[in-house]
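Participant: Got a structure for you, model-v7.cif, holding mmCIF, C-alpha atoms and all ligand atoms.
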```
data_protein
loop_
_atom_site.label_atom_id
_atom_site.label_comp_id
_atom_site.auth_asym_id
_atom_site.auth_seq_id
_atom_site.Cartn_x
_atom_site.Cartn_y
_atom_site.Cartn_z
CA MET A 1 -9.21 -37.44 -0.92
CA ALA A 2 -12.25 -35.21 -0.27
CA SER A 3 -12.74 -32.68 -3.04
CA HIS A 4 -13.84 -29.80 -0.72
CA ASN A 5 -15.98 -28.57 -3.62
CA LEU A 6 -12.86 -27.53 -5.49
CA SER A 7 -12.87 -29.06 -8.91
CA SER A 8 -12.39 -27.73 -12.37
CA ALA A 9 -14.96 -25.13 -11.26
CA THR A 10 -12.33 -23.51 -9.01
CA PRO A 11 -12.03 -19.86 -9.98
CA ALA A 12 -8.66 -19.06 -11.52
CA SER A 13 -8.74 -15.76 -9.72
CA LEU A 14 -9.86 -14.47 -6.36
CA VAL A 15 -12.80 -12.11 -6.74
CA ASP A 16 -14.56 -10.60 -3.72
CA PRO A 17 -18.29 -9.76 -3.41
CA PHE A 18 -17.58 -6.21 -4.64
CA GLY A 19 -16.04 -7.47 -7.87
CA ARG A 20 -12.44 -6.70 -6.89
CA THR A 21 -9.83 -9.21 -7.99
CA VAL A 22 -7.16 -9.99 -5.40
CA ASP A 23 -3.83 -10.67 -7.07
CA TYR A 24 -1.46 -9.34 -4.41
CA LEU A 25 -0.51 -10.97 -1.09
CA ARG A 26 1.45 -9.35 1.71
CA LEU A 27 2.98 -12.14 3.71
CA SER A 28 4.28 -11.35 7.18
CA VAL A 29 7.10 -13.70 8.14
CA THR A 30 7.60 -12.50 11.72
CA ASP A 31 6.08 -10.02 14.17
CA ARG A 32 9.54 -9.37 15.69
CA CYS A 33 11.79 -6.51 14.78
CA ASN A 34 15.27 -5.17 15.45
CA LEU A 35 13.83 -1.61 15.68
CA ARG A 36 10.97 -0.10 17.69
CA CYS A 37 9.57 2.73 15.54
CA THR A 38 7.41 4.94 17.75
CA TYR A 39 4.37 5.01 15.42
CA CYS A 40 4.49 1.26 14.76
CA MET A 41 5.08 -0.34 18.15
CA ALA A 42 4.77 0.23 21.85
CA GLU A 43 8.14 0.38 23.60
CA ASP A 44 7.53 -2.79 25.62
CA MET A 45 6.02 -5.03 22.96
CA THR A 46 5.43 -8.69 23.68
CA PHE A 47 5.94 -10.90 20.68
CA LEU A 48 4.28 -14.15 19.71
CA PRO A 49 5.73 -17.42 21.02
CA ARG A 50 7.67 -19.12 18.23
CA GLN A 51 5.36 -22.11 17.91
CA GLN A 52 2.51 -19.75 17.02
CA ILE A 53 4.42 -18.36 14.04
CA LEU A 54 4.04 -20.09 10.69
CA SER A 55 6.94 -22.40 9.86
CA LEU A 56 8.95 -21.98 6.68
CA GLU A 57 7.02 -24.86 5.09
CA GLU A 58 3.68 -23.33 6.09
CA LEU A 59 4.69 -19.96 4.63
CA ARG A 60 5.69 -21.67 1.41
CA ASP A 61 2.41 -23.65 1.31
CA VAL A 62 0.37 -20.48 1.81
CA ALA A 63 2.29 -18.73 -0.96
CA THR A 64 1.80 -21.71 -3.28
CA ALA A 65 -1.95 -21.82 -2.61
CA PHE A 66 -2.34 -18.10 -3.33
CA VAL A 67 -0.32 -18.31 -6.54
CA GLU A 68 -2.43 -21.26 -7.71
CA LEU A 69 -5.46 -19.04 -7.06
CA GLY A 70 -4.12 -16.30 -9.31
CA VAL A 71 -1.96 -14.12 -7.06
CA LYS A 72 0.76 -12.47 -9.17
CA LYS A 73 2.75 -10.56 -6.60
CA ILE A 74 3.89 -11.41 -3.08
CA ARG A 75 5.53 -8.91 -0.74
CA LEU A 76 7.38 -10.30 2.28
CA THR A 77 7.09 -8.11 5.32
CA GLY A 78 6.75 -8.17 9.10
CA GLY A 79 7.96 -7.09 11.72
CA GLU A 80 11.34 -7.13 10.10
CA PRO A 81 11.48 -9.86 7.46
CA LEU A 82 15.27 -10.01 7.40
CA ILE A 83 15.49 -11.22 11.01
CA ARG A 84 13.45 -14.30 10.13
CA ARG A 85 15.71 -17.35 10.06
CA ASP A 86 15.92 -18.95 6.59
CA ILE A 87 14.39 -15.92 4.87
CA ILE A 88 16.69 -16.45 1.89
CA LYS A 89 15.39 -20.01 1.49
CA LEU A 90 11.83 -18.69 1.59
CA VAL A 91 12.55 -16.04 -1.07
CA ASP A 92 14.14 -18.72 -3.22
CA ALA A 93 11.13 -21.05 -2.85
CA ILE A 94 8.56 -18.33 -3.56
CA ALA A 95 10.50 -16.81 -6.48
CA GLY A 96 10.39 -20.23 -8.15
CA LEU A 97 6.59 -20.52 -8.05
CA GLN A 98 5.09 -20.88 -11.52
CA GLY A 99 2.68 -18.08 -12.32
CA LEU A 100 4.06 -15.53 -9.86
CA ASP A 101 5.29 -12.31 -11.50
CA GLU A 102 7.45 -11.12 -8.63
CA VAL A 103 8.40 -11.47 -5.00
CA THR A 104 9.33 -8.23 -3.24
CA MET A 105 10.10 -7.14 0.31
CA THR A 106 9.69 -4.21 2.70
CA THR A 107 12.59 -3.86 5.15
CA ASN A 108 14.05 -1.35 7.57
CA GLY A 109 17.41 -1.89 5.87
CA MET A 110 19.47 -2.67 8.97
CA LEU A 111 20.52 -6.10 7.70
CA LEU A 112 20.92 -5.16 4.04
CA PRO A 113 24.70 -4.68 4.29
CA LYS A 114 24.98 -8.43 4.92
CA MET A 115 22.00 -9.78 2.99
CA SER A 116 21.38 -7.71 -0.17
CA GLN A 117 23.30 -9.89 -2.59
CA SER A 118 21.85 -13.18 -1.26
CA LEU A 119 18.33 -11.73 -1.56
CA LYS A 120 18.96 -10.72 -5.15
CA ASP A 121 20.53 -14.09 -5.97
CA ALA A 122 17.53 -15.88 -4.43
CA GLY A 123 15.21 -14.05 -6.83
CA LEU A 124 13.90 -11.02 -4.92
CA ALA A 125 12.87 -8.53 -7.60
CA ARG A 126 12.41 -5.25 -5.75
CA LEU A 127 12.96 -3.77 -2.31
CA ASN A 128 11.16 -1.09 -0.33
CA ILE A 129 13.45 0.36 2.33
CA SER A 130 11.87 2.37 5.13
CA VAL A 131 13.37 5.61 6.41
CA ASP A 132 11.67 8.46 8.24
CA SER A 133 14.63 10.76 8.90
CA LEU A 134 18.06 11.44 7.46
CA LYS A 135 19.21 13.07 10.69
CA PRO A 136 21.10 10.55 12.86
CA LYS A 137 19.72 11.74 16.21
CA ARG A 138 16.14 11.91 14.96
CA PHE A 139 16.46 8.55 13.19
CA LYS A 140 17.47 7.05 16.54
CA GLU A 141 14.56 8.77 18.31
CA LEU A 142 11.95 7.61 15.79
CA THR A 143 13.24 4.03 15.67
CA ARG A 144 14.27 4.02 19.36
CA THR A 145 17.35 1.91 18.54
CA GLY A 146 18.30 2.43 14.88
CA ASP A 147 21.66 3.49 13.48
CA LEU A 148 21.41 5.75 10.41
CA GLU A 149 24.96 4.94 9.30
CA LEU A 150 24.04 1.25 9.08
CA TRP A 151 20.92 2.19 7.12
CA HIS A 152 23.10 4.11 4.60
CA GLN A 153 25.37 1.09 4.24
CA GLY A 154 22.28 -1.03 3.61
CA VAL A 155 21.10 1.27 0.82
CA GLN A 156 24.53 1.18 -0.83
CA ALA A 157 24.60 -2.63 -0.62
CA ALA A 158 21.12 -2.82 -2.17
CA LYS A 159 22.21 -0.50 -5.00
CA GLN A 160 25.23 -2.68 -5.69
CA ALA A 161 23.05 -5.80 -5.80
CA ARG A 162 21.09 -4.22 -8.68
CA PHE A 163 17.48 -4.96 -7.77
CA ASN A 164 14.97 -4.09 -10.50
CA LYS A 165 13.83 -1.11 -8.45
CA LEU A 166 14.49 0.36 -5.03
CA LYS A 167 11.93 2.48 -3.24
CA LEU A 168 12.01 4.40 0.03
CA ASN A 169 9.01 4.39 2.39
CA ALA A 170 8.63 7.36 4.72
CA VAL A 171 5.88 7.84 7.29
CA ILE A 172 5.53 11.59 7.89
CA LEU A 173 4.47 12.78 11.34
CA ASP A 174 3.55 16.43 11.75
CA GLY A 175 5.93 18.11 14.18
CA PHE A 176 8.47 15.26 14.06
CA ASN A 177 9.78 14.86 10.51
CA ASP A 178 7.53 16.96 8.25
CA ASP A 179 10.51 19.30 7.74
CA GLU A 180 12.40 16.49 5.96
CA VAL A 181 9.98 15.80 3.12
CA ILE A 182 12.13 17.61 0.56
CA ASP A 183 15.41 16.15 1.83
CA LEU A 184 13.98 12.64 1.68
CA ALA A 185 12.73 13.17 -1.89
CA ARG A 186 16.09 14.68 -2.84
CA PHE A 187 17.89 11.62 -1.44
CA ALA A 188 15.64 9.39 -3.56
CA VAL A 189 16.36 11.40 -6.72
CA ASP A 190 20.13 11.47 -6.09
CA ASN A 191 20.14 7.70 -5.63
CA GLU A 192 17.77 6.95 -8.56
CA MET A 193 15.16 5.49 -6.24
CA ASP A 194 11.41 6.03 -5.94
CA ILE A 195 9.87 7.22 -2.69
CA SER A 196 6.44 6.83 -1.10
CA PHE A 197 5.12 9.12 1.59
CA ILE A 198 2.71 7.31 3.90
CA GLU A 199 0.07 8.78 6.20
CA GLU A 200 0.26 7.41 9.73
CA MET A 201 -2.54 4.97 10.54
CA PRO A 202 -4.09 4.47 13.98
CA LEU A 203 -3.04 0.84 14.37
CA GLY A 204 -2.29 -0.12 17.97
CA VAL A 205 -2.14 1.91 21.18
CA ILE A 206 1.12 3.86 21.51
CA SER A 207 2.36 6.23 24.21
CA SER A 208 5.06 8.22 22.36
CA HIS A 209 2.63 10.70 20.77
CA GLU A 210 -1.04 11.49 20.13
CA ARG A 211 -1.74 10.16 16.67
CA SER A 212 -4.36 12.83 16.06
CA ALA A 213 -1.71 15.54 16.69
CA THR A 214 0.81 14.14 14.19
CA GLN A 215 -1.55 13.63 11.24
CA ILE A 216 -0.43 15.31 8.05
CA SER A 217 -2.19 14.70 4.76
CA SER A 218 -0.62 13.68 1.49
CA ALA A 219 -2.00 16.93 0.04
CA HIS A 220 0.15 18.95 2.46
CA ILE A 221 3.20 16.83 1.68
CA ARG A 222 2.59 17.33 -2.02
CA GLU A 223 2.40 21.13 -1.52
CA GLN A 224 5.87 21.08 0.03
CA LEU A 225 7.24 19.01 -2.82
CA ASP A 226 5.62 21.25 -5.43
CA SER A 227 7.61 24.18 -4.08
CA GLU A 228 10.88 22.39 -4.78
CA PHE A 229 10.38 19.99 -7.70
CA SER A 230 8.59 20.02 -10.99
CA LEU A 231 6.06 17.21 -10.54
CA VAL A 232 4.22 15.57 -13.40
CA ASP A 233 1.04 13.66 -12.56
CA SER A 234 1.08 10.06 -13.61
CA VAL A 235 -1.81 7.91 -14.75
CA GLU A 236 0.23 4.90 -13.75
CA THR A 237 -1.21 2.62 -11.11
CA THR A 238 0.17 -0.48 -9.47
CA GLY A 239 -3.38 -1.51 -8.67
CA GLY A 240 -2.55 -0.48 -5.13
CA PRO A 241 -3.22 2.54 -2.94
CA SER A 242 -0.33 4.72 -4.16
CA ARG A 243 -0.97 7.75 -6.35
CA TYR A 244 2.16 8.57 -8.31
CA VAL A 245 3.86 11.66 -9.69
CA HIS A 246 7.06 11.80 -11.70
CA ILE A 247 9.84 14.22 -10.82
CA ALA A 248 10.80 16.04 -14.01
CA ASN A 249 14.36 15.37 -15.26
CA SER A 250 14.83 12.37 -13.04
CA SER A 251 14.03 8.66 -13.10
CA SER A 252 12.32 8.88 -9.71
CA LYS A 253 8.64 8.67 -8.90
CA ILE A 254 6.91 9.86 -5.76
CA GLY A 255 4.00 7.85 -4.36
CA PHE A 256 1.41 9.11 -1.91
CA ILE A 257 -0.22 6.49 0.28
CA SER A 258 -3.20 8.18 1.85
CA PRO A 259 -5.23 5.74 3.93
CA MET A 260 -6.50 8.61 6.12
CA SER A 261 -7.26 11.39 3.66
CA ASN A 262 -8.16 9.52 0.50
CA ASN A 263 -10.03 6.27 0.67
CA PHE A 264 -8.67 3.96 -2.01
CA CYS A 265 -10.62 0.85 -1.07
CA GLU A 266 -12.59 0.56 -4.28
CA SER A 267 -9.44 -0.48 -6.14
CA CYS A 268 -8.07 -2.69 -3.37
CA ASN A 269 -6.34 -5.73 -4.85
CA ARG A 270 -4.65 -7.19 -1.78
CA VAL A 271 -4.93 -9.30 1.34
CA ARG A 272 -2.47 -9.86 4.19
CA MET A 273 -1.30 -12.90 6.11
CA THR A 274 -0.16 -12.21 9.65
CA ALA A 275 2.87 -14.05 11.00
CA GLU A 276 0.64 -16.40 12.99
CA GLY A 277 -1.35 -17.35 9.92
CA ARG A 278 -4.40 -15.11 10.16
CA LEU A 279 -5.60 -14.06 6.71
CA LEU A 280 -6.62 -10.40 7.07
CA LEU A 281 -9.05 -9.23 4.43
CA CYS A 282 -8.52 -5.52 5.14
CA LEU A 283 -5.88 -3.45 6.95
CA GLY A 284 -8.51 -1.42 8.78
CA ASN A 285 -10.95 -4.18 9.78
CA GLU A 286 -10.71 -7.34 11.84
CA HIS A 287 -12.36 -9.65 9.27
CA SER A 288 -10.02 -12.61 9.06
CA MET A 289 -9.63 -16.35 8.81
CA ASP A 290 -7.27 -18.57 10.79
CA LEU A 291 -5.39 -20.47 8.08
CA ARG A 292 -2.80 -21.84 10.52
CA SER A 293 -5.34 -24.16 12.12
CA VAL A 294 -6.49 -25.24 8.65
CA MET A 295 -2.91 -26.18 7.73
CA ARG A 296 -2.00 -27.74 11.07
CA GLY A 297 -5.25 -29.71 11.20
CA ASN A 298 -4.89 -30.95 7.59
CA PRO A 299 -1.20 -31.08 6.71
CA GLY A 300 -0.49 -31.10 2.98
CA ASP A 301 -4.13 -30.56 1.95
CA THR A 302 -3.59 -27.70 -0.52
CA GLU A 303 -7.08 -28.06 -1.99
CA LEU A 304 -8.68 -27.48 1.41
CA LEU A 305 -6.39 -24.50 2.02
CA LYS A 306 -7.40 -23.00 -1.33
CA SER A 307 -11.09 -23.54 -0.66
CA LYS A 308 -10.73 -21.77 2.72
CA ILE A 309 -9.00 -18.81 1.05
CA ILE A 310 -11.81 -18.53 -1.48
CA GLN A 311 -14.34 -18.73 1.35
CA ALA A 312 -12.49 -16.06 3.37
CA LEU A 313 -12.53 -13.69 0.42
CA GLN A 314 -16.31 -13.54 0.62
CA ASN A 315 -15.82 -11.57 3.87
CA LYS A 316 -13.58 -8.88 2.42
CA PRO A 317 -15.11 -5.60 3.68
CA GLU A 318 -16.04 -2.91 1.22
CA ARG A 319 -13.78 -0.31 2.88
CA HIS A 320 -12.01 0.84 6.03
CA TYR A 321 -13.00 3.77 8.26
CA PHE A 322 -9.94 5.16 10.07
CA ASP A 323 -10.27 7.85 12.71
CA PRO A 324 -6.99 9.06 14.29
CA ASP A 325 -8.85 9.99 17.48
CA LYS A 326 -10.15 6.48 17.97
CA ILE A 327 -8.15 3.26 18.15
CA ASP A 328 -10.62 0.75 16.74
CA ILE A 329 -7.83 -1.53 15.61
CA VAL A 330 -5.69 -2.61 18.56
CA ARG A 331 -3.41 -4.67 16.34
CA PHE A 332 -0.05 -2.96 15.78
CA MET A 333 1.41 -2.56 12.31
CA ASN A 334 4.18 -5.09 13.04
CA MET A 335 1.42 -7.64 13.77
CA THR A 336 -0.43 -6.70 10.62
CA GLY A 337 2.30 -6.90 8.03
CA GLY A 338 2.89 -3.49 6.45
N1 LIG A 401 10.08 -3.60 9.28
C1 LIG A 401 9.89 -3.33 7.90
C2 LIG A 401 9.95 -1.85 7.61
O1 LIG A 401 9.84 -1.04 8.54
O2 LIG A 401 10.08 -1.51 6.46
C3 LIG A 401 8.61 -3.91 7.33
C4 LIG A 401 7.39 -3.86 8.20
S1 LIG A 401 6.76 -2.23 8.53
C5 LIG A 401 5.35 -2.59 9.51
C6 LIG A 401 6.14 -1.77 6.92
C7 LIG A 401 5.86 -0.32 6.70
O3 LIG A 401 4.78 0.07 7.54
C8 LIG A 401 7.03 0.60 7.04
O4 LIG A 401 7.31 1.43 5.93
C9 LIG A 401 6.52 1.42 8.20
O5 LIG A 401 7.04 2.71 8.19
C10 LIG A 401 5.02 1.39 7.98
N2 LIG A 401 4.23 1.61 9.20
C11 LIG A 401 4.38 1.06 10.42
N3 LIG A 401 3.44 1.49 11.28
C12 LIG A 401 2.65 2.34 10.59
C13 LIG A 401 1.49 3.12 10.92
N4 LIG A 401 0.96 3.09 12.13
N5 LIG A 401 0.95 3.87 9.93
C14 LIG A 401 1.47 3.90 8.68
N6 LIG A 401 2.55 3.19 8.31
C15 LIG A 401 3.14 2.42 9.25
FE1 LIG A 402 10.06 -2.55 12.95
FE2 LIG A 402 9.20 -1.79 10.55
FE3 LIG A 402 7.65 -1.45 12.71
FE4 LIG A 402 9.82 0.02 12.45
S1 LIG A 402 8.05 0.04 11.08
S2 LIG A 402 9.19 -1.06 14.31
S3 LIG A 402 11.20 -1.33 11.45
S4 LIG A 402 8.26 -3.37 11.87
#
```
Please express what this file holds, its structure, as structure tokens.
Ligand code: SAM
Ligand code: SF4
Facilitator:
Amino acid sequence: MASHNLSSATPASLVDPFGRTVDYLRLSVTDRCNLRCTYCMAEDMTFLPRQQILSLEELRDVATAFVELGVKKIRLTGGEPLIRRDIIKLVDAIAGLQGLDEVTMTTNGMLLPKMSQSLKDAGLARLNISVDSLKPKRFKELTRTGDLELWHQGVQAAKQARFNKLKLNAVILDGFNDDEVIDLARFAVDNEMDISFIEEMPLGVISSHERSATQISSAHIREQLDSEFSLVDSVETTGGPSRYVHIANSSSKIGFISPMSNNFCESCNRVRMTAEGRLLLCLGNEHSMDLRSVMRGNPGDTELLKSKIIQALQNKPERHYFDPDKIDIVRFMNMTGG
């Protein structure tokens, strides 16, 4: 078989031209979703035809290639990862990869009542569960179809399954749910979970609101939290974009993900695979490589796949430039893999 220039000289780790080591992959398993969050999707989204989506085997092959190249953590995402058929089998296959520290997932929680225990048994280490409102009517408005009661049942099921850690993800939109910052943090503390507050990013054209009008910075969110909790700054880093604070007298941490107000690109350690097999080098840029055609054109050739990943990494941009007034990135978050 051709060597594709990958021999013993193959780097054990993925390092980009700016010296950043990539050891974290976000793998989108579907662009479809059972919700339609206003800031994430247009109301009348069209989804990819099924044959364009990576098969279970292709997802596993991609994960294997990345782990062989030094990736230590894989997060399964989407769209909604739990609506992907055979997701449990995929978790099981990825969790068994030698060299991987953990496989985690971000979910909207709607299917957790049924699936929490199987996910845990298959080897999923941690779960991020998204929630933007604890008010039933508002939850329905923000998700267009979601049922908050089902979400609560999902959280309880996840707690019973005893994942290593549970974290809430909340996107805060000024004028919509900025009055719930404290309630959301309180819910996290009461349930011994962490919580991350995320600034809305201008990904995709939406009609529900003007993104520039709903921007609220992590600094403003932190001010609100400071008025209610005793927050202790943390030096801890996951190597990712979150800045953390501890809440005194609790086991909970609060993360601030600030892609708009605080550029964190210099410590970026991650890449994303879209559901149709496009390796995205940066959330806020279109630099990418089509790995699906590599796999479909050369089935089973892991060495070629790895060499293409190494090659793609040379195009990782130094940073993103988001402007809420301008939609430079037409790709929606469900296409991107959050
Ligand atoms: N469906 C799953 C969920 O909602 O958790 C996983 C995919 S979703 C795209 C991942 C995360 O991205 C969610 O926490 C969601 O709130 C966040 N998100 C979606 N669109 C966003 C946007 N435009 N800006 C910032 N975060 C966004
Ligand atoms: Fe679906 Fe998650 Fe996007 Fe909401 S944020 S529409 S749950 S993919």
Participant: Dump the neighbourhood of ligand LIG 402 (chain A) as an MDAnalysis selection string: all residues within 7 Å, distances computed on only C-alpha atoms and all ligand atoms.
Facilitator: chainID A and resid 33:37 40:41 78:80 107:108 143 333:334
Participant: As a tab-separated table (two decimals) with C-alpha atoms, keeping the file's coordinate frame, please: the residues near segment 86-102 of chain A (cut-off 7 Å, all atoms listed in the file, same-chain neighbours under 6 positions excluded).
Facilitator:
```
chain	number	residue	atom	x	y	z
A	56	LEU	CA	8.95	-21.98	6.68
A	60	ARG	CA	5.69	-21.67	1.41
A	63	ALA	CA	2.29	-18.73	-0.96
A	64	THR	CA	1.80	-21.71	-3.28
A	67	VAL	CA	-0.32	-18.31	-6.54
A	71	VAL	CA	-1.96	-14.12	-7.06
A	72	LYS	CA	0.76	-12.47	-9.17
A	73	LYS	CA	2.75	-10.56	-6.60
A	74	ILE	CA	3.89	-11.41	-3.08
A	118	SER	CA	21.85	-13.18	-1.26
A	119	LEU	CA	18.33	-11.73	-1.56
A	122	ALA	CA	17.53	-15.88	-4.43
A	123	GLY	CA	15.21	-14.05	-6.83
A	124	LEU	CA	13.90	-11.02	-4.92
A	125	ALA	CA	12.87	-8.53	-7.60
```
Participant: Which chains and residue numbers are within 9 Å of ligand LIG 401 (chain A), counting only C-alpha atoms and all ligand atoms, if I want them as number ranges by chain?
Facilitator: A: 28, 31-35, 37-41, 76-82, 105-109, 128-132, 168-172, 196, 198-204, 211, 257, 259, 332-338
Participant: Kindly indicate which residue among A:Arg292, A:His209, A:Arg162, A:Arg20 lies nearest to Cys265 of chain A, using only C-alpha atoms for the distances.
Facilitator: A:Arg20
Participant: Pick the closest to Arg319 of chain A from A:Ser267, A:Ser208, A:Ser307, A:Ser293: which is it, counting all atoms listed in the file?
Facilitator: A:Ser267
Participant: Rounded to one decimal in Å, what is the spacing between atom CA of His246 of chain A and atom CA of Ser234 of chain A?
Facilitator: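 Atom CA of Ser234 of chain A lies 6.5 Å from atom CA of His246 of chain A.
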Participant: Rounded to one decimal, what separation in Å do you get between atom CA of Asp61 of chain A and atom CA of Ala275 of chain A?
Facilitator: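 About the pair atom CA of Asp61 of chain A and atom CA of Ala275 of chain A: they are 13.6 Å apart.
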Participant: What residues have an atom no more than 7 Å from (13.4, 3.7, -7.9) in the file's own frame, counting all atoms listed in the file, and can you write them as an mmCIF file with C-alpha atoms, in the coordinates of the input?
Facilitator:
```cif
data_model
loop_
_atom_site.group_PDB
_atom_site.id
_atom_site.type_symbol
_atom_site.label_atom_id
_atom_site.label_comp_id
_atom_site.auth_asym_id
_atom_site.auth_seq_id
_atom_site.Cartn_x
_atom_site.Cartn_y
_atom_site.Cartn_z
ATOM 1 C CA LYS A 165 13.830 -1.110 -8.450
ATOM 2 C CA LEU A 166 14.490 0.360 -5.030
ATOM 3 C CA LYS A 167 11.930 2.480 -3.240
ATOM 4 C CA GLU A 192 17.770 6.950 -8.560
ATOM 5 C CA MET A 193 15.160 5.490 -6.240
ATOM 6 C CA ASP A 194 11.410 6.030 -5.940
ATOM 7 C CA SER A 252 12.320 8.880 -9.710
ATOM 8 C CA LYS A 253 8.640 8.670 -8.900
#
```
Participant: Please, what distance in Å, to one decimal, runs between atom CA of Ala248 of chain A and atom CA of Ala219 of chain A?
Facilitator: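 The value is 19.0 Å.
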Participant: Find the residues near Gly255 of chain A: any atom within 7 Å, counting all atoms listed in the file, skip ones fewer than 3 places away on the same chain, and give them as a list in words.
Facilitator: Ile195, Ser196, Phe197, Ser242, Arg243, Tyr244 and Val245 of chain A
Participant: Now that the selection is made, can you save its residues with C-alpha atoms as a short mmCIF file (atom, residue, chain, number, x, y, z; two decimals), in the frame of the given file?
Facilitator:
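Contents of the output file part_28.cif:
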```cif
data_model
loop_
_atom_site.label_atom_id
_atom_site.label_comp_id
_atom_site.auth_asym_id
_atom_site.auth_seq_id
_atom_site.Cartn_x
_atom_site.Cartn_y
_atom_site.Cartn_z
CA ILE A 195 9.87 7.22 -2.69
CA SER A 196 6.44 6.83 -1.10
CA PHE A 197 5.12 9.12 1.59
CA SER A 242 -0.33 4.72 -4.16
CA ARG A 243 -0.97 7.75 -6.35
CA TYR A 244 2.16 8.57 -8.31
CA VAL A 245 3.86 11.66 -9.69
#
```
Participant: Any chance you could work out the axis-aligned box around segment 139-151 of chain A, listed atoms only, 3 Å on each side, giving centre and edge lengths in Å to one decimal, as lines of an AutoDock Vina configuration file?
Facilitator:
```
center_x = 18.5
center_y = 5.0
center_z = 13.2
size_x = 19.0
size_y = 13.5
size_z = 18.2
```
Participant: I'd like the neighbourhood of Ser227 of chain A as a PyMOL selection string, where a residue qualifies if any of its atoms comes within 12 Å (using only C-alpha atoms), though same-chain residues fewer than 6 positions away should be ignored.
Facilitator: chain A and resi 181-182+220-221
Participant: Using all atoms listed in the file for the distances, tell me which of A:Gln156, A:Asn177, A:Ser116, A:Gln52 is nearest to Asp290 of chain A.
Facilitator: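 Nearest to Asp290 of chain A: A:Gln52.
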Participant: Let me make sure I understand: among A:Val271, A:Ser258, A:Glu43, A:Arg186, which one has the smallest atom-to-atom distance to Glu141 of chain A if we use only C-alpha atoms?
Facilitator: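 Of the candidates, the smallest distance to Glu141 of chain A is held by A:Glu43.
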Participant: Which one of A:Phe229, A:Arg272, A:Ala42, A:Ala158 sits closest to Arg144 of chain A if you count all atoms listed in the file?
Facilitator: A:Ala42
Participant: Where atoms are absent from segment 210-220 of chain A, fill them in so it carries N, CA, C and O atoms, then output it as a short mmCIF file (atom, residue, chain, number, x, y, z; two decimals), in the coordinates of the input.
Facilitator:
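Okay, this is what ended up in selection_16.cif:
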```
data_model
loop_
_atom_site.label_atom_id
_atom_site.label_comp_id
_atom_site.auth_asym_id
_atom_site.auth_seq_id
_atom_site.Cartn_x
_atom_site.Cartn_y
_atom_site.Cartn_z
N GLU A 210 0.38 11.57 20.47
CA GLU A 210 -1.04 11.49 20.13
C GLU A 210 -1.14 11.39 18.63
O GLU A 210 -0.71 12.31 17.92
N ARG A 211 -1.71 10.32 18.13
CA ARG A 211 -1.74 10.16 16.67
C ARG A 211 -2.51 11.29 16.00
O ARG A 211 -2.18 11.72 14.91
N SER A 212 -3.56 11.78 16.69
CA SER A 212 -4.36 12.83 16.06
C SER A 212 -3.54 14.12 15.88
O SER A 212 -3.79 14.92 14.99
N ALA A 213 -2.52 14.31 16.75
CA ALA A 213 -1.71 15.54 16.69
C ALA A 213 -0.63 15.47 15.61
O ALA A 213 -0.09 16.50 15.20
N THR A 214 -0.30 14.28 15.14
CA THR A 214 0.81 14.14 14.19
C THR A 214 0.32 13.89 12.76
O THR A 214 1.12 13.70 11.86
N GLN A 215 -1.02 13.88 12.58
CA GLN A 215 -1.55 13.63 11.24
C GLN A 215 -1.14 14.72 10.27
O GLN A 215 -1.24 15.91 10.59
N ILE A 216 -0.68 14.34 9.12
CA ILE A 216 -0.43 15.31 8.05
C ILE A 216 -0.87 14.63 6.75
O ILE A 216 -0.56 13.45 6.53
N SER A 217 -1.60 15.36 5.93
CA SER A 217 -2.19 14.70 4.76
C SER A 217 -1.21 14.67 3.60
O SER A 217 -0.29 15.51 3.51
N SER A 218 -1.43 13.75 2.70
CA SER A 218 -0.62 13.68 1.49
C SER A 218 -0.69 14.99 0.71
O SER A 218 0.29 15.41 0.09
N ALA A 219 -1.85 15.67 0.78
CA ALA A 219 -2.00 16.93 0.04
C ALA A 219 -1.00 17.97 0.56
O ALA A 219 -0.38 18.71 -0.22
N HIS A 220 -0.81 18.01 1.89
CA HIS A 220 0.15 18.95 2.46
C HIS A 220 1.59 18.58 2.08
O HIS A 220 2.42 19.45 1.82
#
```
